[in-house]
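Colleague: The following file, upload-v3.pdb, comprises PDB, C-alpha atoms:
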ATOM      1  CA  MET A   1      83.261  64.510   7.952
ATOM      2  CA  SER A   2      82.823  66.851   5.020
ATOM      3  CA  ALA A   3      80.042  68.425   3.024
ATOM      4  CA  LEU A   4      80.328  65.616   0.469
ATOM      5  CA  PRO A   5      76.960  63.970  -0.177
ATOM      6  CA  ARG A   6      75.901  60.368   0.173
ATOM      7  CA  PRO A   7      73.765  58.513  -2.390
ATOM      8  CA  GLN A   8      70.082  57.936  -1.723
ATOM      9  CA  ASP A   9      67.705  56.221  -4.115
ATOM     10  CA  ASP A  10      64.597  58.324  -3.514
ATOM     11  CA  ALA A  11      66.205  61.679  -4.301
ATOM     12  CA  ALA A  12      64.756  61.711  -7.814
ATOM     13  CA  ALA A  13      61.660  63.776  -7.024
ATOM     14  CA  THR A  14      63.634  67.024  -7.208
ATOM     15  CA  ALA A  15      65.589  68.074 -10.281
ATOM     16  CA  CYS A  16      68.743  70.190 -10.320
ATOM     17  CA  PHE A  17      67.871  73.818 -10.923
ATOM     18  CA  LEU A  18      70.831  74.274 -13.263
ATOM     19  CA  CYS A  19      71.000  71.090 -15.354
ATOM     20  CA  GLY A  20      67.764  69.200 -14.662
ATOM     21  CA  ARG A  21      69.522  66.076 -13.379
ATOM     22  CA  ARG A  22      67.264  63.965 -11.152
ATOM     23  CA  ASP A  23      69.563  61.298  -9.714
ATOM     24  CA  LEU A  24      70.719  63.628  -6.954
ATOM     25  CA  THR A  25      72.493  62.667  -3.769
ATOM     26  CA  VAL A  26      71.594  63.725  -0.234
ATOM     27  CA  LEU A  27      73.678  66.147   1.817
ATOM     28  CA  THR A  28      71.553  65.944   4.960
ATOM     29  CA  THR A  29      68.234  64.759   6.327
ATOM     30  CA  GLU A  30      68.395  67.050   9.367
ATOM     31  CA  LEU A  31      67.852  70.807   9.306
ATOM     32  CA  ARG A  32      68.392  73.365  12.049
ATOM     33  CA  HIS A  33      64.824  73.232  13.326
ATOM     34  CA  GLY A  34      63.785  69.710  12.411
ATOM     35  CA  PRO A  35      63.831  67.085   9.688
ATOM     36  CA  GLY A  36      64.303  67.960   6.041
ATOM     37  CA  ARG A  37      66.566  67.185   3.121
ATOM     38  CA  VAL A  38      69.143  69.073   1.147
ATOM     39  CA  LEU A  39      70.012  67.394  -2.148
ATOM     40  CA  HIS A  40      73.162  67.769  -4.220
ATOM     41  CA  CYS A  41      73.871  67.750  -7.935
ATOM     42  CA  PRO A  42      77.330  66.254  -8.524
ATOM     43  CA  ASP A  43      77.509  67.798 -11.999
ATOM     44  CA  CYS A  44      76.759  71.382 -10.919
ATOM     45  CA  ALA A  45      78.005  71.204  -7.305
ATOM     46  CA  LEU A  46      74.747  72.813  -6.183
ATOM     47  CA  GLY A  47      72.895  72.066  -2.946
ATOM     48  CA  ILE A  48      69.096  72.206  -3.216
ATOM     49  CA  LEU A  49      66.592  72.335  -0.372
ATOM     50  CA  GLU A  50      63.845  69.793  -0.966
ATOM     51  CA  ARG A  51      60.612  71.635  -0.272
ATOM     52  CA  ALA A  52      57.005  72.126  -1.146
ATOM     53  CA  ASP A  53      56.418  74.880  -3.682
ATOM     54  CA  ALA A  54      56.735  78.267  -1.976
ATOM     55  CA  THR A  55      57.184  81.084  -4.419
ATOM     56  CA  GLY A  56      56.414  84.749  -4.886
ATOM     57  CA  ALA A  57      54.077  86.097  -2.235
ATOM     58  CA  ASP A  58      54.641  83.083   0.057
ATOM     59  CA  LEU A  59      58.361  83.813   0.348
ATOM     60  CA  ARG A  60      57.722  87.528   0.736
ATOM     61  CA  ALA A  61      55.324  86.847   3.597
ATOM     62  CA  TYR A  62      57.810  84.464   5.239
ATOM     63  CA  TYR A  63      60.643  86.999   5.235
ATOM     64  CA  ASP A  64      58.329  89.784   6.322
ATOM     65  CA  GLY A  65      57.328  87.948   9.488
ATOM     66  CA  GLU A  66      58.164  84.350  10.323
ATOM     67  CA  TYR A  67      61.856  84.356   9.396
ATOM     68  CA  ARG A  68      63.119  86.489  12.270
ATOM     69  CA  LYS A  69      61.306  84.340  14.828
ATOM     70  CA  HIS A  70      63.838  81.598  14.142
ATOM     71  CA  HIS A  71      66.982  83.246  12.743
ATOM     72  CA  GLY A  72      69.015  85.833  14.611
ATOM     73  CA  PRO A  73      72.381  86.544  16.227
ATOM     74  CA  THR A  74      71.604  84.645  19.456
ATOM     75  CA  PRO A  75      70.922  80.920  18.969
ATOM     76  CA  GLY A  76      67.508  79.830  20.176
ATOM     77  CA  ARG A  77      66.110  83.342  20.641
ATOM     78  CA  PRO A  78      63.817  85.329  18.309
ATOM     79  CA  ALA A  79      65.648  88.234  16.711
ATOM     80  CA  ASP A  80      65.119  91.838  17.748
ATOM     81  CA  TYR A  81      66.027  94.416  15.097
ATOM     82  CA  ARG A  82      68.274  96.346  17.467
ATOM     83  CA  ASP A  83      70.057  93.110  18.402
ATOM     84  CA  ILE A  84      70.567  92.212  14.740
ATOM     85  CA  PHE A  85      72.041  95.615  13.990
ATOM     86  CA  GLU A  86      74.357  95.650  16.999
ATOM     87  CA  ALA A  87      75.481  92.059  16.376
ATOM     88  CA  HIS A  88      76.795  92.916  12.904
ATOM     89  CA  VAL A  89      77.483  96.633  12.527
ATOM     90  CA  ASP A  90      81.014  96.520  13.955
ATOM     91  CA  TYR A  91      82.129  93.550  11.843
ATOM     92  CA  GLN A  92      81.822  94.833   8.284
ATOM     93  CA  GLN A  93      85.481  95.749   7.777
ATOM     94  CA  GLN A  94      86.275  92.863   5.414
ATOM     95  CA  ARG A  95      83.270  93.608   3.197
ATOM     96  CA  LEU A  96      84.086  97.300   3.157
ATOM     97  CA  ALA A  97      87.675  96.527   2.172
ATOM     98  CA  MET A  98      86.461  94.316  -0.684
ATOM     99  CA  LEU A  99      83.982  96.990  -1.786
ATOM    100  CA  ALA A 100      86.503  99.835  -1.529
ATOM    101  CA  PRO A 101      87.514  99.745  -5.230
ATOM    102  CA  TYR A 102      83.896 100.473  -6.188
ATOM    103  CA  LEU A 103      83.190 103.182  -3.622
ATOM    104  CA  HIS A 104      83.947 106.845  -4.208
ATOM    105  CA  GLY A 105      82.524 110.155  -3.123
ATOM    106  CA  ASP A 106      79.799 110.373  -5.756
ATOM    107  CA  ALA A 107      79.020 106.652  -6.178
ATOM    108  CA  ARG A 108      75.373 105.611  -6.131
ATOM    109  CA  VAL A 109      74.944 102.339  -4.219
ATOM    110  CA  LEU A 110      71.941 100.037  -3.841
ATOM    111  CA  GLU A 111      71.986  97.227  -1.278
ATOM    112  CA  ILE A 112      69.366  94.541  -1.894
ATOM    113  CA  GLY A 113      68.673  92.604   1.292
ATOM    114  CA  CYS A 114      69.942  95.402   3.546
ATOM    115  CA  SER A 115      68.325  93.976   6.723
ATOM    116  CA  THR A 116      68.715  96.480   9.597
ATOM    117  CA  GLY A 117      71.294  98.608   7.774
ATOM    118  CA  HIS A 118      74.404  97.264   9.509
ATOM    119  CA  LEU A 119      76.368  97.441   6.236
ATOM    120  CA  LEU A 120      74.293 100.164   4.617
ATOM    121  CA  CYS A 121      75.165 102.669   7.355
ATOM    122  CA  HIS A 122      78.866 102.290   6.472
ATOM    123  CA  LEU A 123      78.139 102.604   2.763
ATOM    124  CA  HIS A 124      76.172 105.770   3.496
ATOM    125  CA  GLU A 125      79.369 107.307   4.897
ATOM    126  CA  ARG A 126      81.537 106.271   1.936
ATOM    127  CA  ALA A 127      79.356 106.921  -1.109
ATOM    128  CA  GLY A 128      77.442 109.791  -2.617
ATOM    129  CA  GLU A 129      74.167 107.904  -2.175
ATOM    130  CA  ALA A 130      73.368 104.605  -0.463
ATOM    131  CA  VAL A 131      69.881 103.106  -0.686
ATOM    132  CA  GLY A 132      68.620  99.844   0.807
ATOM    133  CA  PHE A 133      65.853  97.360   0.054
ATOM    134  CA  ASP A 134      64.620  94.427   2.144
ATOM    135  CA  LEU A 135      61.602  92.127   2.106
ATOM    136  CA  ASP A 136      61.447  92.451   5.899
ATOM    137  CA  SER A 137      59.502  95.690   6.280
ATOM    138  CA  GLY A 138      60.349  95.887   9.985
ATOM    139  CA  ALA A 139      64.087  95.692   9.312
ATOM    140  CA  ALA A 140      63.837  98.309   6.568
ATOM    141  CA  ALA A 141      61.807 100.536   8.894
ATOM    142  CA  PHE A 142      64.420 100.170  11.646
ATOM    143  CA  ALA A 143      67.183 101.280   9.267
ATOM    144  CA  ARG A 144      65.070 104.193   8.107
ATOM    145  CA  ASP A 145      63.591 105.365  11.416
ATOM    146  CA  GLU A 146      66.447 104.597  13.813
ATOM    147  CA  LEU A 147      69.447 105.252  11.561
ATOM    148  CA  GLY A 148      68.099 107.816   9.114
ATOM    149  CA  LEU A 149      68.903 105.648   6.095
ATOM    150  CA  THR A 150      66.935 105.526   2.856
ATOM    151  CA  THR A 151      65.268 102.118   2.603
ATOM    152  CA  HIS A 152      62.410 100.433   0.744
ATOM    153  CA  SER A 153      60.427  97.228   1.288
ATOM    154  CA  GLY A 154      57.653  95.363  -0.463
ATOM    155  CA  THR A 155      58.868  94.506  -3.964
ATOM    156  CA  LEU A 156      61.748  95.885  -5.992
ATOM    157  CA  ALA A 157      59.419  96.552  -8.901
ATOM    158  CA  GLY A 158      57.121  98.568  -6.665
ATOM    159  CA  SER A 159      59.888 100.468  -4.876
ATOM    160  CA  GLY A 160      60.235 103.216  -7.461
ATOM    161  CA  LEU A 161      64.014 102.758  -7.491
ATOM    162  CA  PRO A 162      65.498 103.926 -10.814
ATOM    163  CA  ARG A 163      66.752 101.244 -13.169
ATOM    164  CA  ASN A 164      70.199 101.347 -14.825
ATOM    165  CA  ALA A 165      71.171 104.037 -12.317
ATOM    166  CA  PHE A 166      73.513 102.637  -9.631
ATOM    167  CA  ASP A 167      77.288 102.386  -9.827
ATOM    168  CA  LEU A 168      77.235  99.477  -7.378
ATOM    169  CA  VAL A 169      74.456  97.024  -6.564
ATOM    170  CA  ILE A 170      75.093  94.677  -3.624
ATOM    171  CA  ALA A 171      73.261  91.565  -2.419
ATOM    172  CA  ILE A 172      74.894  90.180   0.727
ATOM    173  CA  GLN A 173      73.657  86.799   2.024
ATOM    174  CA  THR A 174      70.492  87.210  -0.046
ATOM    175  CA  LEU A 175      70.617  85.050  -3.189
ATOM    176  CA  GLU A 176      70.402  81.771  -1.268
ATOM    177  CA  HIS A 177      66.937  82.833  -0.027
ATOM    178  CA  ILE A 178      65.461  83.533  -3.478
ATOM    179  CA  ASP A 179      63.337  81.076  -5.447
ATOM    180  CA  ASP A 180      64.984  81.711  -8.844
ATOM    181  CA  PRO A 181      68.569  82.966  -8.406
ATOM    182  CA  ILE A 182      69.185  83.426 -12.130
ATOM    183  CA  ALA A 183      66.102  85.604 -12.615
ATOM    184  CA  ALA A 184      66.979  87.466  -9.413
ATOM    185  CA  CYS A 185      70.483  88.296 -10.654
ATOM    186  CA  ARG A 186      69.057  89.530 -13.942
ATOM    187  CA  THR A 187      66.710  91.758 -11.936
ATOM    188  CA  PHE A 188      69.577  93.019  -9.779
ATOM    189  CA  ALA A 189      71.598  93.738 -12.928
ATOM    190  CA  GLY A 190      68.772  95.903 -14.213
ATOM    191  CA  TYR A 191      69.573  98.469 -11.535
ATOM    192  CA  VAL A 192      73.282  98.681 -12.453
ATOM    193  CA  ARG A 193      74.298 101.599 -14.647
ATOM    194  CA  PRO A 194      76.372 100.928 -17.789
ATOM    195  CA  GLY A 195      79.875 100.038 -16.640
ATOM    196  CA  GLY A 196      78.740  99.509 -13.050
ATOM    197  CA  THR A 197      79.268  96.495 -10.799
ATOM    198  CA  LEU A 198      77.075  93.846  -9.191
ATOM    199  CA  VAL A 199      78.420  92.201  -6.021
ATOM    200  CA  VAL A 200      76.850  89.074  -4.529
ATOM    201  CA  GLU A 201      77.875  87.217  -1.377
ATOM    202  CA  VAL A 202      76.490  83.790  -0.430
ATOM    203  CA  PRO A 203      77.454  81.038   2.026
ATOM    204  CA  ASN A 204      79.976  78.544   0.689
ATOM    205  CA  LEU A 205      78.884  74.899   0.462
ATOM    206  CA  ASP A 206      82.539  74.085   1.180
ATOM    207  CA  ASP A 207      82.232  75.844   4.545
ATOM    208  CA  PRO A 208      85.274  74.931   6.660
ATOM    209  CA  LEU A 209      83.260  73.567   9.573
ATOM    210  CA  LEU A 210      81.565  71.192   7.133
ATOM    211  CA  SER A 211      84.515  70.234   4.983
ATOM    212  CA  LEU A 212      87.493  70.264   7.365
ATOM    213  CA  TYR A 213      86.147  69.004  10.692
ATOM    214  CA  ASP A 214      83.781  66.424  12.167
ATOM    215  CA  VAL A 215      81.214  68.622  13.946
ATOM    216  CA  PRO A 216      77.831  66.830  13.859
ATOM    217  CA  ARG A 217      75.761  69.611  15.388
ATOM    218  CA  TYR A 218      77.182  72.182  13.000
ATOM    219  CA  ARG A 219      75.827  70.179  10.085
ATOM    220  CA  ARG A 220      72.331  70.491  11.576
ATOM    221  CA  PHE A 221      72.974  74.178  12.314
ATOM    222  CA  TYR A 222      74.261  75.015   8.831
ATOM    223  CA  TYR A 223      71.392  73.557   6.802
ATOM    224  CA  HIS A 224      67.983  75.164   7.327
ATOM    225  CA  LYS A 225      64.746  75.805   5.486
ATOM    226  CA  ALA A 226      65.410  79.506   4.893
ATOM    227  CA  HIS A 227      68.262  78.679   2.508
ATOM    228  CA  LEU A 228      66.825  77.293  -0.711
ATOM    229  CA  TRP A 229      70.247  76.914  -2.356
ATOM    230  CA  TYR A 230      73.735  75.959  -1.198
ATOM    231  CA  PHE A 231      76.253  77.320  -3.665
ATOM    232  CA  SER A 232      79.745  76.154  -4.465
ATOM    233  CA  ALA A 233      82.100  78.397  -6.389
ATOM    234  CA  ALA A 234      81.224  76.449  -9.552
ATOM    235  CA  SER A 235      77.452  76.682  -9.136
ATOM    236  CA  LEU A 236      77.555  80.378  -8.216
ATOM    237  CA  ALA A 237      79.675  81.083 -11.296
ATOM    238  CA  ALA A 238      77.176  79.130 -13.401
ATOM    239  CA  VAL A 239      74.245  81.157 -12.059
ATOM    240  CA  MET A 240      76.036  84.397 -12.821
ATOM    241  CA  ALA A 241      77.010  83.299 -16.321
ATOM    242  CA  ARG A 242      73.409  82.358 -17.119
ATOM    243  CA  ALA A 243      72.277  85.705 -15.766
ATOM    244  CA  GLY A 244      74.661  87.409 -18.199
ATOM    245  CA  ILE A 245      77.072  88.784 -15.597
ATOM    246  CA  ASP A 246      80.797  88.582 -16.265
ATOM    247  CA  GLY A 247      83.027  88.378 -13.205
ATOM    248  CA  GLU A 248      84.818  86.053 -10.825
ATOM    249  CA  VAL A 249      84.298  84.244  -7.531
ATOM    250  CA  THR A 250      86.585  84.776  -4.546
ATOM    251  CA  TYR A 251      86.369  83.724  -0.892
ATOM    252  CA  ALA A 252      85.894  85.447   2.461
ATOM    253  CA  GLN A 253      85.905  84.313   6.091
ATOM    254  CA  ASP A 254      84.031  86.222   8.814
ATOM    255  CA  TYR A 255      84.087  83.929  11.849
ATOM    256  CA  ASN A 256      87.387  83.651  13.663
ATOM    257  CA  LEU A 257      89.642  80.745  14.596
ATOM    258  CA  LEU A 258      88.390  80.594  18.182
ATOM    259  CA  ASN A 259      84.816  80.256  16.953
ATOM    260  CA  HIS A 260      85.870  77.217  14.946
ATOM    261  CA  LEU A 261      87.768  75.742  17.886
ATOM    262  CA  HIS A 262      84.669  76.256  20.058
ATOM    263  CA  TRP A 263      82.573  74.293  17.569
ATOM    264  CA  VAL A 264      85.182  71.551  17.186
ATOM    265  CA  LEU A 265      85.777  71.069  20.920
ATOM    266  CA  ARG A 266      82.228  71.601  22.224
ATOM    267  CA  ASP A 267      80.026  70.811  19.212
ATOM    268  CA  GLU A 268      77.829  73.835  19.872
ATOM    269  CA  PRO A 269      77.616  77.502  18.844
ATOM    270  CA  GLN A 270      79.016  80.307  20.939
ATOM    271  CA  PRO A 271      76.434  82.164  23.055
ATOM    272  CA  SER A 272      76.391  85.173  20.716
ATOM    273  CA  ALA A 273      77.745  86.309  17.365
ATOM    274  CA  HIS A 274      80.074  88.901  18.932
ATOM    275  CA  ALA A 275      82.694  86.399  20.116
ATOM    276  CA  GLY A 276      82.958  84.757  16.710
ATOM    277  CA  LEU A 277      82.786  87.856  14.514
ATOM    278  CA  GLY A 278      85.061  90.033  16.640
ATOM    279  CA  PRO A 279      88.811  89.732  17.186
ATOM    280  CA  ALA A 280      90.112  86.323  18.263
ATOM    281  CA  ARG A 281      90.590  86.997  21.978
ATOM    282  CA  LEU A 282      92.116  84.330  24.204
ATOM    283  CA  PRO A 283      90.341  83.850  27.588
ATOM    284  CA  LEU A 284      93.259  85.247  29.568
ATOM    285  CA  ALA A 285      93.409  85.660  33.355
ATOM    286  CA  ASP A 286      92.686  89.161  34.624
ATOM    287  CA  ASP A 287      95.972  89.477  36.527
ATOM    288  CA  LEU A 288      98.365  88.866  33.641
ATOM    289  CA  PRO A 289     101.213  91.368  33.236
ATOM    290  CA  ALA A 290     100.433  93.920  30.545
ATOM    291  CA  ASP A 291     103.376  92.968  28.323
ATOM    292  CA  LEU A 292     102.422  89.281  28.342
ATOM    293  CA  ARG A 293      98.769  90.109  27.680
ATOM    294  CA  SER A 294      99.767  92.324  24.762
ATOM    295  CA  GLU A 295     102.075  89.716  23.247
ATOM    296  CA  LEU A 296      99.418  86.993  23.469
ATOM    297  CA  ALA A 297      96.840  89.312  21.891
ATOM    298  CA  VAL A 298      99.185  89.916  18.949
ATOM    299  CA  PHE A 299      99.784  86.167  18.687
ATOM    300  CA  ALA A 300      96.031  85.407  18.608
ATOM    301  CA  ALA A 301      95.370  88.104  15.998
ATOM    302  CA  ASP A 302      98.227  86.849  13.832
ATOM    303  CA  MET A 303      97.041  83.234  14.041
ATOM    304  CA  ASP A 304      93.518  84.304  13.139
ATOM    305  CA  ARG A 305      94.691  86.245  10.056
ATOM    306  CA  ARG A 306      96.831  83.330   8.904
ATOM    307  CA  TYR A 307      94.024  80.822   9.482
ATOM    308  CA  LYS A 308      91.517  82.862   7.478
ATOM    309  CA  ALA A 309      94.026  83.376   4.677
ATOM    310  CA  ILE A 310      94.685  79.621   4.460
ATOM    311  CA  LEU A 311      90.955  78.866   4.302
ATOM    312  CA  CYS A 312      90.368  81.360   1.512
ATOM    313  CA  ARG A 313      93.454  80.319  -0.437
ATOM    314  CA  HIS A 314      92.147  76.751  -0.527
ATOM    315  CA  GLY A 315      88.558  77.669  -1.383
ATOM    316  CA  ARG A 316      87.227  76.958   2.125
ATOM    317  CA  GLY A 317      86.285  80.460   3.262
ATOM    318  CA  GLU A 318      82.751  80.397   4.640
ATOM    319  CA  ASN A 319      81.467  82.936   2.085
ATOM    320  CA  LEU A 320      81.642  83.146  -1.694
ATOM    321  CA  TRP A 321      82.058  86.621  -3.118
ATOM    322  CA  PHE A 322      81.210  87.477  -6.714
ATOM    323  CA  ALA A 323      81.890  90.839  -8.368
ATOM    324  CA  GLY A 324      80.993  91.344 -11.998
ATOM    325  CA  THR A 325      79.688  93.532 -14.779
ATOM    326  CA  PRO A 326      76.299  92.792 -16.350
ATOM    327  CA  ALA A 327      76.321  92.123 -20.065
ATOM    328  CA  GLY A 328      75.006  95.087 -22.005
ATOM    329  CA  GLY A 329      76.308  97.508 -19.383
ATOM    330  CA  GLY A 330      73.589  96.806 -16.851
ATOM    331  CA  THR A 331      70.557  96.719 -19.140
ATOM    332  CA  PRO A 332      68.783  93.354 -18.838
TER     333      PRO A 332
END
Let me see the file written as structure tokens.
Modeller:
Amino acid sequence: MSALPRPQDDAAATACFLCGRRDLTVLTTELRHGPGRVLHCPDCALGILERADATGADLRAYYDGEYRKHHGPTPGRPADYRDIFEAHVDYQQQRLAMLAPYLHGDARVLEIGCSTGHLLCHLHERAGEAVGFDLDSGAAAFARDELGLTTHSGTLAGSGLPRNAFDLVIAIQTLEHIDDPIAACRTFAGYVRPGGTLVVEVPNLDDPLLSLYDVPRYRRFYYHKAHLWYFSAASLAAVMARAGIDGEVTYAQDYNLLNHLHWVLRDEPQPSAHAGLGPARLPLADDLPADLRSELAVFAADMDRRYKAILCRHGRGENLWFAGTPAGGGTP
């Protein structure tokens, strides 16, 4: 089973955000926490959550309260800010490697959607200035009060952050939550200095557990009401082009091979994010000889690297990564 949609006659109530097409197909009628539909435009390769209108202040209120009651690192448990931070802080190496060309000692960096600061704390160590913004005021306060980071919440316009001033603006796993992704990217670009870079990461609609395997529960897990959009490489590129940002889409894979095997064999998530985001560790017996244990650990790590590389080479990495330069040097 793949992420490919199936036709459904009554999908015409919602139009494609990018092209206006109304004869959309249906990707799913089941979301993570109950019924719902995600529609698909075959022309734009964009997934669209079918929903009642919820814009502006409604979305801000949702992410400043209700969201973390349902979405966190431990399935089925409300998220604690400390848990969120600790679940992700040690697994940012791939993002940091991809950001390395844009980081230098005097770089000014803004992360939009910084959550608890699990990436921002690393950026703080690698750049001249690293500032975060998040709609979740509690997450922003955690990063500020517990980690000593500079963060803002509320609205970007009301944050007082300087426009056209940052060498690097980052939005990781953020755009899929925003009502108008084109307008949002134009807003993000307004904080990039002339010649600077905007980086956006979103989930990939061609996620490997959707497109390579038959894992029924993962389909219900993947689609949920907090994600308004499900981007393919083509639809993300189209959003960026319409926002006036010139760049390219690449792929990244966070979760390891053993996480995927767990889903495939058991049709359920692992108990916590650590096992899937960390190194691919085989469940070896405690009394194994050290040389055998070491050789098997190298084998597992090598298989995991090769697996992730294959996924990304074929456009099936779980995340899409866009890096580009706003037209007009960052001035919207």
Colleague: I'd like to see the residues matched by the PyMOL selection byres ((chain A and resi 226) around 8) on this file, and ideally I'd get them as a list in words.
Modeller: Tyr67, His177, His224, Lys225, His227 and Leu228 of chain A
Colleague: Put those residues in a file: C-alpha atoms, as a CSV table (one decimal), in the frame of the given file.
Modeller:
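Result saved to out.csv:
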chain,number,residue,atom,x,y,z
A,67,TYR,CA,61.9,84.4,9.4
A,177,HIS,CA,66.9,82.8,0.0
A,224,HIS,CA,68.0,75.2,7.3
A,225,LYS,CA,64.7,75.8,5.5
A,227,HIS,CA,68.3,78.7,2.5
A,228,LEU,CA,66.8,77.3,-0.7
Colleague: Which residues are close to Cys121 in chain A, i.e. within 9 Å by all atoms listed in the file, leaving aside same-chain residues fewer than 3 positions away? Reply as a VMD selection string.
Modeller: chain A and resid 89 117 to 118 124 to 125 130 143 147 to 149
Colleague: Around the point (88.0, 84.4, 11.2), in the coordinates given by the file, pick out the residues reaching within 10 Å, counting only C-alpha atoms, and return them as a PyMOL selection string.
Modeller: chain A and resi 252-260+276-280+301+303-309+311+317-318
Colleague: Which residue, A:Arg37, A:Arg266, A:Arg316, A:Arg32, has the smallest gap to Asn204 in chain A when you use only C-alpha atoms?
Modeller: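 Among A:Arg37, A:Arg266, A:Arg316, A:Arg32, it is A:Arg316 that comes nearest to Asn204 in chain A.
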Colleague: Check the smallest atom-to-atom distance from each of A:Pro269, A:Pro203, A:Pro216, A:Gly196 to Pro101 in chain A using only C-alpha atoms, then report the winner.
Modeller: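 The shortest atom-to-atom distance to Pro101 in chain A comes from A:Gly196.
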Colleague: Provide the CA of Glu30 in chain A to CA of Asp83 in chain A distance in Å, to one decimal place.
Modeller: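 Those two atoms sit 27.6 Å apart.
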Colleague: Name the closest residue to Thr325 in chain A among the candidates A:Pro181, A:Gly247, A:Gly154, A:Pro208; distances are taken between atoms, counting all atoms listed in the file.
Modeller: A:Gly247
Colleague: Would you please work out which residue, of A:Asp206, A:Glu86, A:Asp134, A:Glu129, is nearest to Thr174 in chain A when using all atoms listed in the file?
Modeller: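 Among A:Asp206, A:Glu86, A:Asp134, A:Glu129, it is A:Asp134 that comes nearest to Thr174 in chain A.
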